[in-house]
Each structure stands twice: as C-alpha cells, then as structure tokens.
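Comments concern the structure below.
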Amino acid sequence: MPMPDKSTSSEATQAASPGTVSAARKIYPIVKYGDPILEKSTTPVKKFDADLEQLAEDMFASMYAAQGVGLAAPQIGLNLRIAVVDVAAGKNPEAKIVLANPEIIHAEGEKREEEGCLSIPGFRGYVLRPQFVTIKAQNAKGESFEIRGEDLLARAFCHEIDHLNGILFIQHLSMLKRDLIKRKIKKLRKQGEW
Ligand SMILES: [Zn+2]
C-alpha cells in the first residue's frame, strides 16, 4: 500500500534503509495489476530460517524504495503468505512489522478513506475498512504475536492480508469505479505504459 499522502514522499525517500546493518538489500520490482499472481491465494510460510529473514528485510527495502507503507509477497512475484508493514515509512525501526501467516482475529468500527496499491500505481479509491483490527501473525523468526492497529495501520493490515488472499483494493470499490480503473489500465497497457 502506498503512503496515503504524497506530500510526505520526499522525506520518506531519505529515510529509507533504517535499522538494518549495511547489508546490501535486494530491491524487487513491484508486480503490476494484470499479473495473475496478484489474484491467487498464497501458500503458508512453513520454514522460518535465515533466508526468510533476508526476504523480509529485502521486502522492507523494496517497499521503502517504492514509497509504500505495506508490501505483500505476491507483489514481488512470490506465492508466500508473508507481508511487511511500516506506517512510519522507515523513520522508526520499531514500526517495522513482519506478518507471516497473518489473520484478523478482531475488527471494530468502520472508516472510509482513500486507498491505493503499489501494484495499481496512479489509481485510488475510497474503501471502507474497520477502524481497529487485531491480528495474529508470526514474525520472521516464527514467533507468534498479536498486534492491534488503528486507522492507517488497521487499513494497511487489511490491505496486505487481502493481498495474501488474492484480493485487491479495487475489488472493494463499486463496479462502476472498478470498471473505469480497469478500462484505463487496459488503455495504458495498449500504449505500452503499464
Ligand atoms: Zn496493495
């Protein structure tokens, strides 16, 4: 999920690569809408090893490079039930959240806000999400945890968990709005701009 407000994007670019040591990070290209991997459900993470920890760090790096606050494995072409979220956009290492095998265990309230997706660049739409969600997940080491999120964090959790189930935010829009976006993307693709 991209940052909600474009005005903060230049700051966020400078704040990339927080926390982690100087290890070179792989920046994955982001898969765009139209690739079937984005609409498939993912396979649970079973092996928690050094490779998975590295993958999570590379996903953070790729997300920061794309100025996002959330990124799910299908968006880098991987069918794996893992996503990363950081609504502080790299400014606070403690805000980095790895979500392996996440599930929503509680949701409360409603909030309609504009939302976008790194895989559907240039398009946004208002999506109704819970205002608060509590999720259960495992970190990159396989340790289980629960975390409660509010507003943007709750939205990011829902958006990324949707990705892991093959669901994109445009599926929450009205059919009219969704078809409009799909038509525009089709046109962009014909022009070789997608
Ligand atoms: Zn997305």
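In the structure tokens, chains take the letters A, B, ... in the order shown, each chain's residues start at 1, and ligands count up from 1 in the order shown.
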
Give me, as a compact mmCIF listing (two decimals) with C-alpha atoms, in the first residue's frame, the residues of segment 52-141 of chain A that a backbone DSSP run labels strand (DSSP E).
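Below is the file that was written, result_30.txt:
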# COMPACT_ATOMS: atom_id res chain seq x y z
CA GLY A 70 2.88 -2.10 3.13
CA LEU A 71 4.02 -4.81 0.71
CA ALA A 72 2.87 -8.40 0.29
CA ILE A 82 4.09 -13.02 4.15
CA ALA A 83 3.79 -9.23 4.09
CA VAL A 84 5.60 -6.28 5.64
CA VAL A 85 4.07 -3.11 7.03
CA ILE A 97 6.16 -5.28 11.23
CA VAL A 98 6.67 -8.62 9.52
CA LEU A 99 3.42 -10.52 9.05
CA ALA A 100 3.91 -14.20 8.31
CA ASN A 101 0.67 -16.21 8.13
CA PRO A 102 -1.39 -13.29 9.46
CA GLU A 103 -5.08 -13.49 10.30
CA ILE A 104 -7.56 -10.94 11.58
CA ILE A 105 -8.90 -12.08 14.93
CA HIS A 106 -10.92 -8.98 15.80
CA ALA A 107 -12.26 -5.98 13.91
CA GLU A 108 -14.13 -2.96 15.18
CA LYS A 111 -13.67 4.04 8.36
CA ARG A 112 -13.87 5.10 4.74
CA GLU A 113 -10.60 6.52 3.43
CA GLU A 114 -8.84 6.81 0.14
CA GLU A 115 -6.57 3.87 -0.58
CA GLY A 116 -4.13 2.91 -3.28
CA ARG A 124 -7.01 5.47 -5.74
CA GLY A 125 -10.43 4.90 -4.35
CA TYR A 126 -12.38 5.15 -1.12
CA VAL A 127 -12.51 1.82 0.72
CA LEU A 128 -14.48 1.01 3.84
CA ARG A 129 -12.27 -0.77 6.38
CA PHE A 132 -9.43 -1.10 14.59
CA VAL A 133 -8.19 -4.59 13.88
CA THR A 134 -6.30 -7.08 15.98
CA ILE A 135 -4.26 -9.57 14.04
CA LYS A 136 -2.37 -12.68 14.93
CA ALA A 137 0.78 -13.47 12.94
CA GLN A 138 4.31 -14.81 13.14

query = In segment 6-192 of chain A, what's helix (DSSP H, G or I) per DSSP? Answer as a PyMOL selection string?
reply = chain A and resi 6-14+36-39+50-65+73-76+93-95+152-164+169-172+175-190

key: Contacts of ligand 1, 12 Å or closer, only C-alpha atoms and all ligand atoms, given as JSON, numbers by chain   = {"A": [1, 2, 3, 30, 31, 32, 33, 38, 39, 63, 66, 68, 69, 70, 71, 72, 73, 74, 75, 76, 83, 84, 85, 115, 116, 117, 118, 119, 120, 121, 123, 124, 155, 156, 157, 158, 159, 160, 161, 162, 163, 164, 165, 166, 167, 168, 169, 170, 171]}

query = Between A:Ser174, A:Trp194, A:Lys187, A:Leu80, which has the minimum distance to Lys40 of chain A (counting only C-alpha atoms)?
reply =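 Smallest distance to Lys40 of chain A is found for A:Leu80.
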
key: Coordinates-based distance that separates atom CA of Gly34 of chain A from atom CA of Ala140 of chain A (Å, one decimal)   =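 Between atom CA of Ala140 of chain A and atom CA of Gly34 of chain A the gap works out to 29.0 Å.
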
note = Students should find that atom CA of Gln131 of chain A and atom CA of Leu173 of chain A are spaced 17.7 Å

message = Using only C-alpha atoms for the distances, tell me which of A:Ala88, A:Arg25, A:Gly142, A:Ala65 is nearest to Val45 of chain A.
response =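 For Val45 of chain A, the nearest of the candidates is A:Gly142.
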
ask   = What is the atom CA of Lys47 of chain A-atom CA of Asp35 of chain A distance in Å, reported with one decimal?
value =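 Computing it gives 26.0 Å between the two atoms.
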
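Counting only C-alpha atoms and comparing A:Gly90, A:Gly77, A:Gly192, A:Pro36, the residue that lies closest to Phe60 of chain A is A:Gly90.
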
ask   = Between A:Glu193, A:Glu110, A:Asp51, A:Glu57, which is the closest to Lys96 of chain A once you count only C-alpha atoms?
value = A:Glu57
